[in-house]
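Here is the file start_27.pdb (PDB, C-alpha atoms).
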MODEL        1
ATOM      1  CA  MET A   1      14.986  -5.225  12.447
ATOM      2  CA  ASN A   2      15.170  -1.839  14.161
ATOM      3  CA  ILE A   3      12.022   0.228  13.603
ATOM      4  CA  PRO A   4      12.660   3.929  14.374
ATOM      5  CA  LYS A   5      10.391   5.657  16.842
ATOM      6  CA  LEU A   6       8.188   8.106  14.977
ATOM      7  CA  VAL A   7       7.507  10.139  18.123
ATOM      8  CA  GLU A   8      10.227  11.030  20.635
ATOM      9  CA  ARG A   9       9.991  12.403  24.159
ATOM     10  CA  LYS A  10      12.954  14.286  25.551
ATOM     11  CA  PHE A  11      14.259  17.063  27.795
ATOM     12  CA  LEU A  12      15.476  20.308  26.217
ATOM     13  CA  ARG A  13      19.070  20.365  27.435
ATOM     14  CA  PHE A  14      20.296  23.326  25.362
ATOM     15  CA  LYS A  15      18.751  26.093  23.262
ATOM     16  CA  ASP A  16      19.635  24.820  19.778
ATOM     17  CA  GLN A  17      18.982  21.155  20.458
ATOM     18  CA  PRO A  18      18.127  19.571  17.081
ATOM     19  CA  ILE A  19      14.820  17.925  16.217
ATOM     20  CA  THR A  20      15.513  14.240  15.603
ATOM     21  CA  ALA A  21      12.083  12.578  15.558
ATOM     22  CA  PRO A  22      10.843  11.353  12.152
ATOM     23  CA  LEU A  23       7.290  12.554  12.944
ATOM     24  CA  TYR A  24       7.335  14.886  15.949
ATOM     25  CA  GLU A  25       8.718  15.148  19.461
ATOM     26  CA  ILE A  26       7.350  16.190  22.838
ATOM     27  CA  VAL A  27       9.900  18.291  24.718
ATOM     28  CA  ILE A  28      10.028  19.230  28.390
ATOM     29  CA  ALA A  29      11.727  22.622  28.599
ATOM     30  CA  ARG A  30      12.524  25.007  31.437
ATOM     31  CA  ASN A  31       9.286  26.938  30.993
ATOM     32  CA  GLY A  32       6.812  24.437  29.588
ATOM     33  CA  LEU A  33       5.882  21.532  27.372
ATOM     34  CA  PHE A  34       6.444  21.865  23.611
ATOM     35  CA  LYS A  35       5.693  19.862  20.457
ATOM     36  CA  ARG A  36       8.332  20.152  17.715
ATOM     37  CA  ALA A  37       8.689  18.883  14.158
ATOM     38  CA  LYS A  38      10.586  19.591  10.968
ATOM     39  CA  ARG A  39      10.178  18.992   7.254
ATOM     40  CA  ARG A  40      12.227  20.163   4.310
ATOM     41  CA  GLU A  41      10.412  23.495   4.005
ATOM     42  CA  MET A  42       9.662  24.264   7.639
ATOM     43  CA  THR A  43      10.588  23.826  11.303
ATOM     44  CA  ALA A  44       7.996  24.461  14.010
ATOM     45  CA  SER A  45       7.655  24.421  17.784
ATOM     46  CA  ILE A  46       4.278  24.843  19.521
ATOM     47  CA  GLU A  47       3.814  25.425  23.236
ATOM     48  CA  LEU A  48       1.387  22.874  24.668
ATOM     49  CA  SER A  49       1.422  24.174  28.253
ATOM     50  CA  ALA A  50       3.404  26.561  30.434
ATOM     51  CA  PHE A  51       4.905  25.637  33.793
ATOM     52  CA  ALA A  52       3.955  27.634  36.868
ATOM     53  CA  VAL A  53       7.376  26.758  38.318
ATOM     54  CA  GLU A  54      10.327  26.654  35.922
ATOM     55  CA  ILE A  55      12.954  23.885  35.798
ATOM     56  CA  PRO A  56      16.320  25.719  36.013
ATOM     57  CA  GLU A  57      18.382  22.727  34.825
ATOM     58  CA  LEU A  58      16.736  22.824  31.361
ATOM     59  CA  ALA A  59      16.854  25.268  28.456
ATOM     60  CA  GLU A  60      13.998  27.634  27.750
ATOM     61  CA  GLY A  61      11.566  26.558  25.024
ATOM     62  CA  VAL A  62      10.212  29.002  22.445
ATOM     63  CA  ALA A  63       7.157  28.700  20.217
ATOM     64  CA  SER A  64       8.359  29.421  16.697
ATOM     65  CA  ILE A  65       7.930  28.774  12.987
ATOM     66  CA  GLU A  66      10.768  29.035  10.510
ATOM     67  CA  LEU A  67      10.404  28.532   6.767
ATOM     68  CA  ALA A  68      13.423  27.774   4.605
ATOM     69  CA  GLU A  69      11.902  30.290   2.199
ATOM     70  CA  LYS A  70       8.890  32.477   2.904
ATOM     71  CA  ILE A  71       5.835  32.276   0.656
ATOM     72  CA  PRO A  72       5.627  35.168  -1.851
ATOM     73  CA  ALA A  73       2.730  37.593  -1.407
ATOM     74  CA  ARG A  74       1.776  37.040  -5.054
ATOM     75  CA  ILE A  75       0.684  33.476  -4.170
ATOM     76  CA  PHE A  76      -2.033  34.807  -1.864
ATOM     77  CA  GLU A  77      -3.017  37.478  -4.387
ATOM     78  CA  GLU A  78      -3.337  34.948  -7.219
ATOM     79  CA  ILE A  79      -5.390  32.561  -5.078
ATOM     80  CA  LEU A  80      -7.709  35.391  -4.033
ATOM     81  CA  LYS A  81      -8.186  36.438  -7.666
ATOM     82  CA  HIS A  82      -8.980  32.867  -8.715
ATOM     83  CA  ALA A  83     -11.448  32.429  -5.845
ATOM     84  CA  ARG A  84     -13.258  35.648  -6.740
ATOM     85  CA  ASN A  85     -13.617  34.534 -10.355
ATOM     86  CA  SER A  86     -14.791  31.041  -9.396
ATOM     87  CA  THR A  87     -17.883  32.042  -7.459
ATOM     88  CA  ASP A  88     -20.087  35.037  -6.704
ATOM     89  CA  VAL A  89     -21.820  36.516  -3.677
ATOM     90  CA  ALA A  90     -25.276  35.187  -4.599
ATOM     91  CA  ASN A  91     -24.112  31.619  -5.273
ATOM     92  CA  PHE A  92     -21.055  31.283  -3.057
ATOM     93  CA  THR A  93     -19.184  27.978  -2.871
ATOM     94  CA  GLU A  94     -15.922  27.278  -1.071
ATOM     95  CA  ASN A  95     -12.645  26.718  -2.908
ATOM     96  CA  LEU A  96      -9.615  24.830  -1.581
ATOM     97  CA  TYR A  97      -6.025  25.448  -2.656
ATOM     98  CA  ALA A  98      -2.648  23.836  -2.027
ATOM     99  CA  VAL A  99       0.618  25.784  -1.991
ATOM    100  CA  PHE A 100       3.732  23.677  -2.470
ATOM    101  CA  LEU A 101       7.350  23.926  -3.511
ATOM    102  CA  ASN A 102       7.938  23.066  -7.155
ATOM    103  CA  GLU A 103      11.015  20.841  -7.251
ATOM    104  CA  GLU A 104      12.040  21.820 -10.774
ATOM    105  CA  SER A 105      11.844  25.594 -10.348
ATOM    106  CA  GLY A 106      12.591  25.656  -6.620
ATOM    107  CA  SER A 107       9.782  28.200  -6.099
ATOM    108  CA  TYR A 108       6.323  28.086  -4.549
ATOM    109  CA  VAL A 109       3.311  27.404  -6.774
ATOM    110  CA  TRP A 110      -0.368  26.798  -6.069
ATOM    111  CA  GLU A 111      -3.148  24.608  -7.383
ATOM    112  CA  GLU A 112      -6.871  24.355  -6.742
ATOM    113  CA  ILE A 113      -7.586  20.955  -5.181
ATOM    114  CA  SER A 114     -11.364  21.109  -4.604
ATOM    115  CA  ARG A 115     -13.059  17.773  -5.231
ATOM    116  CA  ARG A 116     -16.578  18.733  -4.151
ATOM    117  CA  ARG A 117     -17.738  22.252  -3.253
ATOM    118  CA  ASN A 118     -20.805  23.782  -1.627
ATOM    119  CA  PHE A 119     -21.711  26.864   0.400
ATOM    120  CA  GLY A 120     -20.086  25.852   3.691
ATOM    121  CA  SER A 121     -17.508  23.196   2.896
ATOM    122  CA  THR A 122     -15.151  21.760   0.335
ATOM    123  CA  ILE A 123     -13.516  18.346   0.033
ATOM    124  CA  ALA A 124      -9.887  18.027  -1.056
ATOM    125  CA  ARG A 125      -8.589  15.844  -3.862
ATOM    126  CA  ASP A 126      -6.331  13.965  -1.473
ATOM    127  CA  ASP A 127      -4.883  11.891  -4.324
ATOM    128  CA  SER A 128      -3.465  15.045  -5.906
ATOM    129  CA  PRO A 129       0.355  15.424  -5.776
ATOM    130  CA  ALA A 130      -0.210  19.088  -4.878
ATOM    131  CA  TYR A 131      -2.233  18.056  -1.825
ATOM    132  CA  GLN A 132       0.347  15.509  -0.742
ATOM    133  CA  LYS A 133       3.265  17.978  -1.023
ATOM    134  CA  ALA A 134       1.418  21.042   0.328
ATOM    135  CA  ILE A 135       3.057  23.305   2.858
ATOM    136  CA  LEU A 136      -0.145  25.380   2.972
ATOM    137  CA  GLU A 137      -3.809  24.472   2.568
ATOM    138  CA  ILE A 138      -6.026  27.515   2.252
ATOM    139  CA  HIS A 139      -9.746  27.689   1.508
ATOM    140  CA  THR A 140     -12.457  30.313   1.237
ATOM    141  CA  HIS A 141     -15.162  30.790   3.868
ATOM    142  CA  PRO A 142     -18.676  32.233   3.540
ATOM    143  CA  SER A 143     -19.081  35.899   4.389
ATOM    144  CA  GLY A 144     -18.651  36.670   8.093
ATOM    145  CA  CYS A 145     -17.211  33.226   9.008
ATOM    146  CA  LEU A 146     -13.964  34.573  10.467
ATOM    147  CA  HIS A 147     -12.738  31.490  12.340
ATOM    148  CA  PHE A 148     -11.747  27.922  11.596
ATOM    149  CA  SER A 149     -14.732  25.616  11.998
ATOM    150  CA  ARG A 150     -15.032  22.264  13.761
ATOM    151  CA  GLN A 151     -15.122  20.672  10.324
ATOM    152  CA  ASP A 152     -11.849  22.458   9.513
ATOM    153  CA  ASN A 153     -10.314  21.033  12.700
ATOM    154  CA  HIS A 154     -11.393  17.560  11.610
ATOM    155  CA  ASP A 155     -10.190  17.923   8.015
ATOM    156  CA  GLU A 156      -6.844  19.426   9.068
ATOM    157  CA  SER A 157      -5.992  16.890  11.768
ATOM    158  CA  GLY A 158      -3.029  14.537  11.509
ATOM    159  CA  LYS A 159      -0.976  16.851   9.269
ATOM    160  CA  PHE A 160       2.094  19.028   9.610
ATOM    161  CA  ARG A 161       1.529  22.101   7.445
ATOM    162  CA  LEU A 162       0.094  25.611   7.398
ATOM    163  CA  PHE A 163      -3.635  26.201   7.085
ATOM    164  CA  GLY A 164      -5.556  29.310   6.103
ATOM    165  CA  ILE A 165      -9.007  30.726   5.418
ATOM    166  CA  LEU A 166      -9.992  33.608   3.157
ATOM    167  CA  VAL A 167     -13.165  35.423   4.201
ATOM    168  CA  ASP A 168     -15.350  38.078   2.521
ATOM    169  CA  ILE A 169     -13.496  37.582  -0.746
ATOM    170  CA  HIS A 170     -15.863  39.816  -2.735
ATOM    171  CA  THR A 171     -15.377  42.856  -0.497
ATOM    172  CA  ARG A 172     -12.880  45.655  -1.062
ATOM    173  CA  LYS A 173     -10.459  44.197   1.490
ATOM    174  CA  PRO A 174     -10.982  40.498   2.285
ATOM    175  CA  SER A 175      -9.660  38.893   5.473
ATOM    176  CA  ILE A 176      -7.207  36.076   6.039
ATOM    177  CA  ARG A 177      -6.512  33.867   9.060
ATOM    178  CA  LEU A 178      -3.538  31.501   9.272
ATOM    179  CA  ARG A 179      -2.439  28.781  11.648
ATOM    180  CA  ILE A 180       0.176  26.072  11.885
ATOM    181  CA  GLY A 181      -1.053  22.519  12.322
ATOM    182  CA  LEU A 182       1.360  20.118  13.979
ATOM    183  CA  TYR A 183      -0.312  16.701  14.178
ATOM    184  CA  ASP A 184      -3.556  17.829  15.871
ATOM    185  CA  SER A 185      -2.039  20.826  17.698
ATOM    186  CA  PHE A 186      -2.889  24.229  16.220
ATOM    187  CA  TRP A 187      -1.440  27.716  16.725
ATOM    188  CA  GLU A 188      -2.750  30.814  14.947
ATOM    189  CA  ILE A 189      -0.040  33.048  13.503
ATOM    190  CA  PRO A 190       0.202  36.420  11.708
ATOM    191  CA  LEU A 191       0.589  36.306   7.946
ATOM    192  CA  GLU A 192       3.972  38.058   8.193
ATOM    193  CA  THR A 193       5.381  34.954   9.890
ATOM    194  CA  VAL A 194       5.327  33.001   6.619
ATOM    195  CA  CYS A 195       4.878  35.629   3.873
ATOM    196  CA  ASP A 196       7.750  37.631   2.357
ATOM    197  CA  ILE A 197       5.779  40.909   2.258
ATOM    198  CA  LEU A 198       2.261  41.738   3.369
ATOM    199  CA  PRO A 199      -0.360  41.857   0.576
ATOM    200  CA  GLU A 200      -2.019  45.278   0.621
ATOM    201  CA  ASN A 201      -5.473  43.930  -0.178
ATOM    202  CA  LEU A 202      -5.784  41.512   2.753
ATOM    203  CA  THR A 203      -6.717  42.120   6.399
ATOM    204  CA  ASP A 204      -4.772  39.855   8.742
ATOM    205  CA  LEU A 205      -7.283  38.789  11.411
ATOM    206  CA  VAL A 206      -4.678  37.244  13.737
ATOM    207  CA  LYS A 207      -2.498  40.359  13.617
ATOM    208  CA  GLU A 208      -5.478  42.620  14.349
ATOM    209  CA  GLU A 209      -6.472  40.492  17.351
ATOM    210  CA  GLN A 210      -2.925  40.529  18.698
ATOM    211  CA  LEU A 211      -2.740  44.323  18.394
ATOM    212  CA  ALA A 212      -6.120  44.699  20.107
ATOM    213  CA  GLN A 213      -4.994  42.472  22.988
ATOM    214  CA  PHE A 214      -1.736  44.380  23.289
ATOM    215  CA  SER A 215      -3.603  47.707  23.471
ATOM    216  CA  LEU A 216      -5.952  46.300  26.109
ATOM    217  CA  ASN A 217      -3.053  45.051  28.217
ATOM    218  CA  ARG A 218      -1.326  48.431  27.969
ATOM    219  CA  GLU A 219      -4.527  50.195  29.024
ATOM    220  CA  VAL A 220      -4.974  47.943  32.049
ATOM    221  CA  GLN A 221      -1.336  48.442  33.068
ATOM    222  CA  THR A 222      -1.693  52.240  32.746
ATOM    223  CA  ILE A 223      -4.849  52.309  34.876
ATOM    224  CA  SER A 224      -3.182  50.184  37.560
ATOM    225  CA  TYR A 225      -0.149  52.470  37.572
ATOM    226  CA  ILE A 226      -2.275  55.621  37.926
ATOM    227  CA  CYS A 227      -4.234  54.112  40.814
ATOM    228  CA  ALA A 228      -1.086  53.196  42.695
ATOM    229  CA  GLU A 229       0.575  56.528  41.974
ATOM    230  CA  ASP A 230      -2.456  58.560  43.057
ATOM    231  CA  TYR A 231      -3.433  56.679  46.175
ATOM    232  CA  GLN A 232      -0.512  54.856  47.690
ATOM    233  CA  PHE A 233       0.166  57.680  50.186
ATOM    234  CA  SER A 234      -3.454  58.637  50.795
ATOM    235  CA  GLN A 235      -4.878  57.891  54.218
ATOM    236  CA  LYS A 236      -8.430  58.009  52.786
ATOM    237  CA  HIS A 237      -8.012  54.992  50.479
ATOM    238  CA  LEU A 238      -7.238  52.033  52.675
ATOM    239  CA  TYR A 239      -8.454  49.591  49.980
ATOM    240  CA  LEU A 240      -5.246  50.047  47.949
ATOM    241  CA  GLU A 241      -3.974  46.608  48.971
ATOM    242  CA  ASN A 242      -6.897  45.019  47.130
ATOM    243  CA  LEU A 243      -6.169  46.654  43.758
TER     244      LEU A 243
ENDMDL
END
Will you turn the file into structure tokens for me?
Amino acid sequence: MNIPKLVERKFLRFKDQPITAPLYEIVIARNGLFKRAKRREMTASIELSAFAVEIPELAEGVASIELAEKIPARIFEEILKHARNSTDVANFTENLYAVFLNEESGSYVWEEISRRRNFGSTIARDDSPAYQKAILEIHTHPSGCLHFSRQDNHDESGKFRLFGILVDIHTRKPSIRLRIGLYDSFWEIPLETVCDILPENLTDLVKEEQLAQFSLNREVQTISYICAEDYQFSQKHLYLENL
């Protein structure tokens, strides 16, 4: 009896090399080490590490997420509305939701799957069909808790799906943070990666952080350029080589 290998290890020989592993595969590419997997609704590749010296004989790997169909913005809006109506600021409890593809309609739907709720955690109904088919698990966080917790990392391990948190849900513009989980490897992504249009009433924390980092990098590059331009021909600034 031939038992298929659930995990494969391979070299990336060409750019569009298909994913063949039933569970996931570890790929050595030109520029780094990647973990890749696919399911009916989604294909994902996460960079595990980058190589200091590239391997020219191999193809270049790219971290990416591709959904067969992006999740409608209304899904996030409906979940937010339900969460707001399910708790209040004074007596906050977390809610957990599953987003999955309805086989009959062929469209995304959502369902609350909280088994037990309290201020700082919620337990999923893991026997629920919605939980088992979920492409996205998303839950609410207490006010000001803008990042995934260690408990979240534990609860979301061993799965291949999207994960999200909704924060400050009772404010004028709540925040959202998303990530892809690929069997214990996580990568935070902007909402626009998986959503058809951006909901106007949500602040994308990952996108804001990326823009802030981009602005910082541009500022550092500009300062370095000005220093070189101003002083490279000056005899009074012999420390230029150390910039």
Evaluate the PyMOL selection byres ((chain A and resi 72) around 12) and report residues as number ranges by chain = A: 67, 69-71, 73-79, 99-101, 107-110, 191-199
Please provide as a ChimeraX atom specification all residues within 10 Å of Ile123 (chain A), with the sequence filter that same-chain residues fewer than 6 positions apart are discarded (counting only C-alpha atoms).
-> /A:94-96,113-117,155
How far is it from CA of Asp88 (chain A) to CA of His170 (chain A), in Å with one decimal?
->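 We find that CA of Asp88 (chain A) and CA of His170 (chain A) lie 7.5 Å from each other.
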Could you check how far CA of Phe11 (chain A) sits from CA of Arg179 (chain A), in Å to one decimal?
->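 Separation of CA of Phe11 (chain A) and CA of Arg179 (chain A): 26.0 Å.
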Applied to the shown file, which residues does the PyMOL selection byres ((chain A and resi 13-23) around 7) return, written as a count of residues only?
-> 12
Neighbours of Leu146 (chain A) within 10 Å (all atoms listed in the file; same-chain residues fewer than 5 positions away dropped), as a list in words?
-> His141, Ile165, Leu166, Val167, Asp168, Ser175, Ile176, Arg177 and Leu205 of chain A
Write out, as a PDB file, keeping the file's coordinate frame, the residues just selected, with C-alpha atoms.
ATOM      1  CA  HIS A 141     -15.162  30.790   3.868  1.00  0.00           C
ATOM      2  CA  ILE A 165      -9.007  30.726   5.418  1.00  0.00           C
ATOM      3  CA  LEU A 166      -9.992  33.608   3.157  1.00  0.00           C
ATOM      4  CA  VAL A 167     -13.165  35.423   4.201  1.00  0.00           C
ATOM      5  CA  ASP A 168     -15.350  38.078   2.521  1.00  0.00           C
ATOM      6  CA  SER A 175      -9.660  38.893   5.473  1.00  0.00           C
ATOM      7  CA  ILE A 176      -7.207  36.076   6.039  1.00  0.00           C
ATOM      8  CA  ARG A 177      -6.512  33.867   9.060  1.00  0.00           C
ATOM      9  CA  LEU A 205      -7.283  38.789  11.411  1.00  0.00           C
TER      10      LEU A 205
END
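Remark: for Glu66 (chain A), the closest of the candidate residues A:Arg39, A:Pro142, A:Glu112, A:Lys207 is A:Arg39 (distances computed over only C-alpha atoms).
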Minimum-distance residue to Ile26 (chain A), chosen among A:Ala68, A:Ala130, A:Leu182, A:Val89 (using all atoms listed in the file) =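 For Ile26 (chain A), the nearest of the candidates is A:Leu182.
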